[in-house]
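Pasted below: start.cif, mmCIF, C-alpha atoms.
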data_protein
#
loop_
_atom_site.group_PDB
_atom_site.id
_atom_site.type_symbol
_atom_site.label_atom_id
_atom_site.label_comp_id
_atom_site.auth_asym_id
_atom_site.auth_seq_id
_atom_site.Cartn_x
_atom_site.Cartn_y
_atom_site.Cartn_z
ATOM 1 C CA MET A 1 125.959 94.193 83.829
ATOM 2 C CA ALA A 2 128.756 93.297 86.015
ATOM 3 C CA THR A 3 128.864 89.871 87.528
ATOM 4 C CA VAL A 4 125.602 88.521 88.861
ATOM 5 C CA LYS A 5 126.147 87.561 92.438
ATOM 6 C CA PRO A 6 123.559 85.578 94.368
ATOM 7 C CA ARG A 7 123.489 85.864 98.125
ATOM 8 C CA VAL A 8 121.378 83.811 100.508
ATOM 9 C CA LYS A 9 120.912 83.803 104.231
ATOM 10 C CA VAL A 10 119.955 80.388 105.571
ATOM 11 C CA PRO A 11 120.487 79.132 109.125
ATOM 12 C CA LYS A 12 123.371 76.649 109.206
ATOM 13 C CA SER A 13 121.525 74.415 111.588
ATOM 14 C CA ALA A 14 117.943 74.035 112.721
ATOM 15 C CA ALA A 15 115.709 71.612 114.572
ATOM 16 C CA VAL A 16 113.468 69.225 112.646
ATOM 17 C CA GLY A 17 110.071 70.861 112.228
ATOM 18 C CA GLU A 18 111.411 74.303 112.966
ATOM 19 C CA VAL A 19 110.179 77.117 110.746
ATOM 20 C CA ILE A 20 113.125 79.078 109.400
ATOM 21 C CA THR A 21 113.181 82.337 107.471
ATOM 22 C CA ILE A 22 115.273 82.405 104.337
ATOM 23 C CA LYS A 23 116.441 85.621 102.711
ATOM 24 C CA THR A 24 117.804 85.817 99.198
ATOM 25 C CA LEU A 25 119.244 88.629 97.118
ATOM 26 C CA ILE A 26 120.826 88.659 93.706
ATOM 27 C CA SER A 27 122.596 91.555 92.044
ATOM 28 C CA HIS A 28 120.839 92.256 88.770
ATOM 29 C CA ASP A 29 119.765 95.473 87.012
ATOM 30 C CA MET A 30 116.316 94.130 86.110
ATOM 31 C CA GLU A 31 115.992 96.264 82.976
ATOM 32 C CA THR A 32 112.256 96.689 82.378
ATOM 33 C CA GLY A 33 112.469 97.423 78.663
ATOM 34 C CA LEU A 34 110.566 100.671 79.243
ATOM 35 C CA VAL A 35 113.507 102.899 80.126
ATOM 36 C CA LYS A 36 115.334 104.994 77.522
ATOM 37 C CA ASP A 37 119.087 105.296 77.435
ATOM 38 C CA LYS A 38 119.743 108.910 78.407
ATOM 39 C CA LYS A 39 122.559 109.322 75.857
ATOM 40 C CA THR A 40 121.191 107.620 72.752
ATOM 41 C CA GLY A 41 117.445 107.942 73.395
ATOM 42 C CA GLU A 42 117.027 104.272 72.508
ATOM 43 C CA LEU A 43 115.008 101.930 74.668
ATOM 44 C CA ILE A 44 117.166 99.653 76.779
ATOM 45 C CA PRO A 45 115.957 96.122 75.962
ATOM 46 C CA ARG A 46 114.196 94.169 78.682
ATOM 47 C CA LYS A 47 116.442 91.880 80.692
ATOM 48 C CA ILE A 48 115.146 90.647 83.995
ATOM 49 C CA ILE A 49 115.207 87.572 86.150
ATOM 50 C CA ASN A 50 111.825 86.060 85.436
ATOM 51 C CA LYS A 51 111.840 83.057 87.731
ATOM 52 C CA PHE A 52 113.181 82.171 91.139
ATOM 53 C CA VAL A 53 112.964 78.692 92.603
ATOM 54 C CA ALA A 54 114.089 77.538 96.019
ATOM 55 C CA SER A 55 114.119 73.813 96.637
ATOM 56 C CA PHE A 56 115.162 71.470 99.400
ATOM 57 C CA GLU A 57 116.646 68.125 98.358
ATOM 58 C CA GLY A 58 114.878 68.466 95.012
ATOM 59 C CA ALA A 59 111.455 69.330 96.408
ATOM 60 C CA PRO A 60 110.214 72.845 95.645
ATOM 61 C CA VAL A 61 109.798 75.139 98.647
ATOM 62 C CA PHE A 62 109.089 78.524 97.145
ATOM 63 C CA THR A 63 108.658 79.702 93.567
ATOM 64 C CA ALA A 64 108.344 83.255 92.316
ATOM 65 C CA SER A 65 107.274 84.263 88.806
ATOM 66 C CA ILE A 66 108.732 87.695 88.344
ATOM 67 C CA GLU A 67 107.636 90.652 86.227
ATOM 68 C CA PRO A 68 109.631 93.818 85.495
ATOM 69 C CA ALA A 69 107.908 95.532 88.440
ATOM 70 C CA VAL A 70 110.229 93.775 90.865
ATOM 71 C CA SER A 71 113.047 96.088 91.938
ATOM 72 C CA ALA A 72 116.636 95.860 90.783
ATOM 73 C CA ASN A 73 118.653 93.379 92.841
ATOM 74 C CA PRO A 74 115.552 91.268 93.532
ATOM 75 C CA TYR A 75 115.108 90.312 97.146
ATOM 76 C CA PHE A 76 112.893 87.536 98.440
ATOM 77 C CA GLU A 77 112.157 86.432 101.932
ATOM 78 C CA PHE A 78 110.127 83.323 102.712
ATOM 79 C CA THR A 79 109.843 80.523 105.241
ATOM 80 C CA MET A 80 110.436 76.793 105.326
ATOM 81 C CA THR A 81 109.625 74.035 107.764
ATOM 82 C CA VAL A 82 112.837 72.053 108.132
ATOM 83 C CA PRO A 83 112.095 68.386 107.339
ATOM 84 C CA GLY A 84 115.610 67.219 108.258
ATOM 85 C CA PRO A 85 119.210 67.793 107.275
ATOM 86 C CA GLY A 86 119.865 68.535 103.635
ATOM 87 C CA THR A 87 120.840 70.998 100.961
ATOM 88 C CA MET A 88 118.843 73.974 99.795
ATOM 89 C CA ARG A 89 119.218 74.966 96.195
ATOM 90 C CA PHE A 90 118.379 78.392 94.798
ATOM 91 C CA GLU A 91 118.004 79.117 91.099
ATOM 92 C CA TRP A 92 117.369 82.405 89.322
ATOM 93 C CA THR A 93 116.489 82.276 85.611
ATOM 94 C CA ASP A 94 117.408 85.247 83.433
ATOM 95 C CA ASP A 95 115.500 86.411 80.327
ATOM 96 C CA ASP A 96 118.507 85.381 78.228
ATOM 97 C CA GLY A 97 118.203 81.834 79.500
ATOM 98 C CA SER A 98 121.145 81.807 81.859
ATOM 99 C CA VAL A 99 120.581 80.331 85.276
ATOM 100 C CA TYR A 100 122.370 81.628 88.346
ATOM 101 C CA ASP A 101 122.424 79.279 91.294
ATOM 102 C CA THR A 102 123.768 78.729 94.736
ATOM 103 C CA GLU A 103 123.411 76.103 97.448
ATOM 104 C CA SER A 104 123.289 76.107 101.188
ATOM 105 C CA LYS A 105 123.483 73.204 103.616
ATOM 106 C CA ILE A 106 121.273 72.872 106.654
ATOM 107 C CA ALA A 107 122.385 70.618 109.497
ATOM 108 C CA VAL A 108 120.026 69.345 112.138
ATOM 109 C CA ALA A 109 120.997 70.396 115.631
ATOM 110 C CA MET B 1 69.909 125.189 85.081
ATOM 111 C CA SER B 2 66.208 125.899 85.826
ATOM 112 C CA SER B 3 63.748 123.422 84.481
ATOM 113 C CA PRO B 4 60.211 124.362 83.382
ATOM 114 C CA GLU B 5 58.715 122.434 86.309
ATOM 115 C CA TYR B 6 60.834 124.301 88.801
ATOM 116 C CA PRO B 7 61.225 127.976 87.927
ATOM 117 C CA ARG B 8 64.283 129.837 89.069
ATOM 118 C CA GLU B 9 62.352 132.160 91.361
ATOM 119 C CA GLU B 10 60.931 129.247 93.289
ATOM 120 C CA LEU B 11 64.287 127.572 93.542
ATOM 121 C CA ARG B 12 65.794 130.693 94.977
ATOM 122 C CA ARG B 13 63.004 131.058 97.518
ATOM 123 C CA ASP B 14 63.449 127.455 98.598
ATOM 124 C CA PHE B 15 67.129 127.942 98.938
ATOM 125 C CA MET B 16 66.653 131.043 101.054
ATOM 126 C CA GLN B 17 64.474 129.057 103.400
ATOM 127 C CA LEU B 18 67.155 126.512 104.090
ATOM 128 C CA THR B 19 68.294 126.553 107.672
ATOM 129 C CA ARG B 20 71.910 126.497 108.670
ATOM 130 C CA ARG B 21 71.559 122.872 109.553
ATOM 131 C CA ASP B 22 70.160 121.991 106.145
ATOM 132 C CA LEU B 23 73.033 123.787 104.549
ATOM 133 C CA GLY B 24 75.540 121.861 106.617
ATOM 134 C CA ALA B 25 73.932 118.583 105.643
ATOM 135 C CA LEU B 26 73.895 119.645 102.001
ATOM 136 C CA CYS B 27 77.577 120.505 102.069
ATOM 137 C CA ALA B 28 78.447 117.198 103.712
ATOM 138 C CA SER B 29 76.527 115.235 101.096
ATOM 139 C CA VAL B 30 78.124 117.193 98.261
ATOM 140 C CA VAL B 31 81.557 116.500 99.692
ATOM 141 C CA ALA B 32 80.749 112.813 100.113
ATOM 142 C CA ALA B 33 79.371 112.574 96.583
ATOM 143 C CA THR B 34 82.454 114.263 95.159
ATOM 144 C CA ALA B 35 84.737 111.959 97.092
ATOM 145 C CA LEU B 36 82.816 108.930 95.880
ATOM 146 C CA ALA B 37 82.885 110.114 92.283
ATOM 147 C CA GLY B 38 86.589 110.822 92.565
ATOM 148 C CA ARG B 39 87.229 107.347 93.901
ATOM 149 C CA ALA B 40 85.182 105.683 91.204
ATOM 150 C CA GLY B 41 86.985 107.722 88.552
ATOM 151 C CA LEU B 42 90.341 106.737 89.982
ATOM 152 C CA ALA B 43 89.401 103.074 90.115
ATOM 153 C CA LEU B 44 88.270 103.170 86.499
ATOM 154 C CA ALA B 45 91.422 104.918 85.361
ATOM 155 C CA GLU B 46 93.570 102.387 87.141
ATOM 156 C CA GLU B 47 91.853 99.401 85.587
ATOM 157 C CA ASP B 48 93.156 100.589 82.233
ATOM 158 C CA ASN B 49 96.573 99.022 82.608
ATOM 159 C CA GLY B 50 95.081 95.540 82.449
ATOM 160 C CA THR B 51 94.674 94.832 86.149
ATOM 161 C CA ALA B 52 91.200 93.416 85.636
ATOM 162 C CA ALA B 53 92.449 91.120 82.866
ATOM 163 C CA ALA B 54 95.348 89.960 85.040
ATOM 164 C CA ILE B 55 92.972 89.142 87.893
ATOM 165 C CA GLN B 56 90.739 87.294 85.439
ATOM 166 C CA ALA B 57 93.703 85.272 84.150
ATOM 167 C CA PHE B 58 94.756 84.327 87.682
ATOM 168 C CA THR B 59 91.335 83.438 89.045
ATOM 169 C CA GLY B 60 89.790 82.081 85.851
ATOM 170 C CA GLY B 61 86.779 84.272 86.537
ATOM 171 C CA ALA B 62 86.112 82.827 89.978
ATOM 172 C CA GLU B 63 84.698 85.098 92.625
ATOM 173 C CA VAL B 64 87.310 86.862 94.742
ATOM 174 C CA GLY B 65 86.477 87.294 98.393
ATOM 175 C CA GLU B 66 88.101 89.565 100.922
ATOM 176 C CA GLY B 67 89.885 88.881 104.161
ATOM 177 C CA GLY B 68 92.475 86.323 105.099
ATOM 178 C CA VAL B 69 95.158 88.067 103.096
ATOM 179 C CA THR B 70 97.613 90.485 104.661
ATOM 180 C CA LEU B 71 99.481 92.971 102.520
ATOM 181 C CA GLY B 72 102.136 94.819 104.453
ATOM 182 C CA ALA B 73 103.550 97.940 102.876
ATOM 183 C CA PRO B 74 104.556 101.445 103.827
ATOM 184 C CA GLU B 75 101.823 104.064 103.555
ATOM 185 C CA ILE B 76 104.225 106.440 101.881
ATOM 186 C CA ALA B 77 107.122 105.208 99.763
ATOM 187 C CA GLU B 78 109.695 107.858 99.164
ATOM 188 C CA ASN B 79 111.413 106.010 96.368
ATOM 189 C CA GLY B 80 109.150 104.133 93.987
ATOM 190 C CA SER B 81 111.990 102.088 92.562
ATOM 191 C CA THR B 82 112.231 99.943 95.653
ATOM 192 C CA VAL B 83 109.172 99.614 97.852
ATOM 193 C CA PRO B 84 109.304 96.843 100.453
ATOM 194 C CA ILE B 85 106.144 94.780 100.650
ATOM 195 C CA GLU B 86 105.169 91.565 102.383
ATOM 196 C CA VAL B 87 102.221 89.303 101.794
ATOM 197 C CA SER B 88 100.803 86.467 103.801
ATOM 198 C CA ALA B 89 97.647 84.396 103.672
ATOM 199 C CA ASP B 90 97.104 81.376 105.876
ATOM 200 C CA GLY B 91 96.641 78.282 103.756
ATOM 201 C CA ALA B 92 97.345 79.961 100.438
ATOM 202 C CA ALA B 93 98.870 77.923 97.626
ATOM 203 C CA ALA B 94 99.841 81.006 95.657
ATOM 204 C CA ILE B 95 99.725 84.773 95.984
ATOM 205 C CA MET B 96 99.786 87.171 93.060
ATOM 206 C CA ILE B 97 100.768 90.807 93.484
ATOM 207 C CA LEU B 98 99.491 93.479 91.118
ATOM 208 C CA ALA B 99 100.235 97.168 90.788
ATOM 209 C CA SER B 100 97.129 98.887 89.468
ATOM 210 C CA ALA B 101 98.807 101.929 87.898
ATOM 211 C CA ASN B 102 102.138 100.638 86.653
ATOM 212 C CA PRO B 103 102.714 100.364 82.884
ATOM 213 C CA ASN B 104 102.014 96.648 83.303
ATOM 214 C CA PRO B 105 99.926 95.315 86.189
ATOM 215 C CA GLY B 106 101.921 92.182 87.008
ATOM 216 C CA VAL B 107 104.524 92.313 89.755
ATOM 217 C CA ALA B 108 105.150 88.775 90.937
ATOM 218 C CA THR B 109 103.412 85.522 91.750
ATOM 219 C CA PHE B 110 104.609 83.439 94.675
ATOM 220 C CA GLU B 111 103.886 79.741 94.928
ATOM 221 C CA PHE B 112 104.162 77.903 98.192
ATOM 222 C CA SER B 113 104.541 74.201 98.878
ATOM 223 C CA ALA B 114 104.148 71.628 101.603
ATOM 224 C CA LEU B 115 107.618 72.590 102.812
ATOM 225 C CA SER B 116 106.712 76.247 103.234
ATOM 226 C CA GLY B 117 106.644 77.233 106.886
ATOM 227 C CA SER B 118 103.836 79.663 106.185
ATOM 228 C CA SER B 119 102.299 81.155 103.080
ATOM 229 C CA SER B 120 104.140 84.406 103.420
ATOM 230 C CA ALA B 121 106.864 86.203 101.528
ATOM 231 C CA ALA B 122 108.498 89.592 101.273
ATOM 232 C CA THR B 123 110.111 91.383 98.367
ATOM 233 C CA ARG B 124 110.776 94.842 96.959
ATOM 234 C CA ILE B 125 108.824 96.238 94.061
ATOM 235 C CA ARG B 126 108.742 99.187 91.672
ATOM 236 C CA LEU B 127 105.801 101.576 91.645
ATOM 237 C CA ALA B 128 105.495 104.209 88.935
ATOM 238 C CA LYS B 129 103.257 106.485 91.004
ATOM 239 C CA THR B 130 100.810 106.566 93.888
ATOM 240 C CA GLN B 131 98.450 103.642 93.419
ATOM 241 C CA ASP B 132 96.667 100.646 94.856
ATOM 242 C CA VAL B 133 98.686 97.485 95.234
ATOM 243 C CA ILE B 134 96.614 94.313 95.179
ATOM 244 C CA ALA B 135 97.430 90.866 96.535
ATOM 245 C CA ILE B 136 95.249 87.958 95.490
ATOM 246 C CA ALA B 137 95.687 84.600 97.184
ATOM 247 C CA ARG B 138 94.645 81.255 95.757
ATOM 248 C CA MET B 139 93.725 79.219 98.798
ATOM 249 C CA GLY B 140 94.321 75.512 99.183
ATOM 250 C CA ASP B 141 90.619 74.829 98.553
ATOM 251 C CA GLY B 142 90.684 76.722 95.247
ATOM 252 C CA SER B 143 88.927 79.849 96.476
ATOM 253 C CA PHE B 144 90.367 83.315 96.018
ATOM 254 C CA SER B 145 90.771 86.195 98.387
ATOM 255 C CA MET B 146 92.289 89.620 97.958
ATOM 256 C CA ALA B 147 93.723 92.552 99.858
ATOM 257 C CA LYS B 148 94.235 96.037 98.516
ATOM 258 C CA ARG B 149 96.329 98.842 99.838
ATOM 259 C CA GLN B 150 97.153 102.299 98.587
ATOM 260 C CA ILE B 151 100.795 103.268 98.589
ATOM 261 C CA LYS B 152 101.729 106.903 98.091
ATOM 262 C CA VAL B 153 104.846 107.302 95.989
ATOM 263 C CA THR B 154 106.911 110.473 96.156
ATOM 264 C CA ILE B 155 109.336 109.647 93.322
ATOM 265 C CA GLY B 156 108.235 107.190 90.642
ATOM 266 C CA GLY B 157 110.254 104.058 90.067
ATOM 267 C CA CYS B 158 110.342 103.664 86.326
ATOM 268 C CA GLY B 159 113.571 105.467 85.539
ATOM 269 C CA GLY B 160 114.093 107.986 82.728
#
Please re-express this file's structure in structure tokens.
Amino acid sequence: MATVKPRVKVPKSAAVGEVITIKTLISHDMETGLVKDKKTGELIPRKIINKFVASFEGAPVFTASIEPAVSANPYFEFTMTVPGPGTMRFEWTDDDGSVYDTESKIAVA
Amino acid sequence: MSSPEYPREELRRDFMQLTRRDLGALCASVVAATALAGRAGLALAEEDNGTAAAIQAFTGGAEVGEGGVTLGAPEIAENGSTVPIEVSADGAAAIMILASANPNPGVATFEFSALSGSSSAATRIRLAKTQDVIAIARMGDGSFSMAKRQIKVTIGGCGG
């Protein structure tokens, strides 16, 4: 696996109470553990992102528990009602325990 | 196939007396029965991957109603390795997505919060073959509701 790169699309500014759509994508192979290596015939061990959490100023907004049936480069789209200005935090947890994260600030127009 | 109570000769005579209309009705019912049997067989086969157990684990055995849950997906997915789907259910606290004929039934479970603008989400999933995808929502009041949709898959999404 090359570098895992999270990408998020969050409006830079919004009105208080406005419902915004947030899109997230992270580059990850999401190995299911069911696929054989074509050269060696060995099973490629499972390695997926099993949890995704989006939070706003520490309060959870959206959580996804993920199984291997989610496609490679997992994509999630969800909504949030903007309570005010603040920072959104996104965290993806890998099977090996590593956590990939990114942040995005929302200003109130 | 003749039984003692209904000798073959009699059966044949009865059959000969059938009108065209009777025959049409008979054919229709046979077709319907076959379709029903086929469906039931399919449903049974698909439960084998543990879908029923996964539903049980999510609902704790509570009754699952229908309606109130929207599962958006293409009717035909050309590539099973990335099938876009979206779920929404007004007032849902969580939505679980299951694939009834994948090697494992679980796909993902979304949990919403007070900050969620609506209980809706979209993602991309893998489907091994043509099958029913199920979304079960746990509503704010603790009740459960589900939506089911068949997605035809041209190329399976489970790699080698």
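Going from atom CA of Gln131 of chain B over to atom CA of Trp92 of chain A, you cover 28.7 Å.
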(request) Could you expand the PyMOL selection byres ((chain B) within 12 of (chain A)) into the explicit residues it covers here, written as an NGL selection string? (result) :B and (79-88 or 93-128 or 133 or 156-160)
(request) Determine the residue set returned by the PyMOL selection byres ((chain A and resi 96-101) around 10) for the present structure, and present it as a ChimeraX atom specification. (result) /A:4-7,26,46-54,89-95,102-103
(request) Can you work out the spacing between atom CA of Val153 of chain B and atom CA of Ile76 of chain B in Å, to one decimal? (result) 6.0 Å
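Put simply, atom CA of Gln56 of chain B is 18.5 Å away from atom CA of Gly140 of chain B.
Excluding Ile136 of chain B itself and same-chain residues fewer than 3 positions from it, the residues having an atom within 10 Å of it are Ile55, Phe58, Thr59, Val64, Gly65, Glu66, Val69, Thr70, Leu71, Val87, Ala89, Ala92, Ala94, Ile95, Met96, Ile97, Leu98, Thr109, Met139, Phe144, Ser145, Met146, Ala147 and Lys148 of chain B, counting only C-alpha atoms.
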Can you spit out the residues from that selection as a compact mmCIF listing (two decimals), in the coordinates of the input, using C-alpha atoms?
# COMPACT_ATOMS: atom_id res chain seq x y z
CA ILE B 55 92.97 89.14 87.89
CA PHE B 58 94.76 84.33 87.68
CA THR B 59 91.34 83.44 89.04
CA VAL B 64 87.31 86.86 94.74
CA GLY B 65 86.48 87.29 98.39
CA GLU B 66 88.10 89.56 100.92
CA VAL B 69 95.16 88.07 103.10
CA THR B 70 97.61 90.48 104.66
CA LEU B 71 99.48 92.97 102.52
CA VAL B 87 102.22 89.30 101.79
CA ALA B 89 97.65 84.40 103.67
CA ALA B 92 97.34 79.96 100.44
CA ALA B 94 99.84 81.01 95.66
CA ILE B 95 99.72 84.77 95.98
CA MET B 96 99.79 87.17 93.06
CA ILE B 97 100.77 90.81 93.48
CA LEU B 98 99.49 93.48 91.12
CA THR B 109 103.41 85.52 91.75
CA MET B 139 93.72 79.22 98.80
CA PHE B 144 90.37 83.32 96.02
CA SER B 145 90.77 86.20 98.39
CA MET B 146 92.29 89.62 97.96
CA ALA B 147 93.72 92.55 99.86
CA LYS B 148 94.24 96.04 98.52
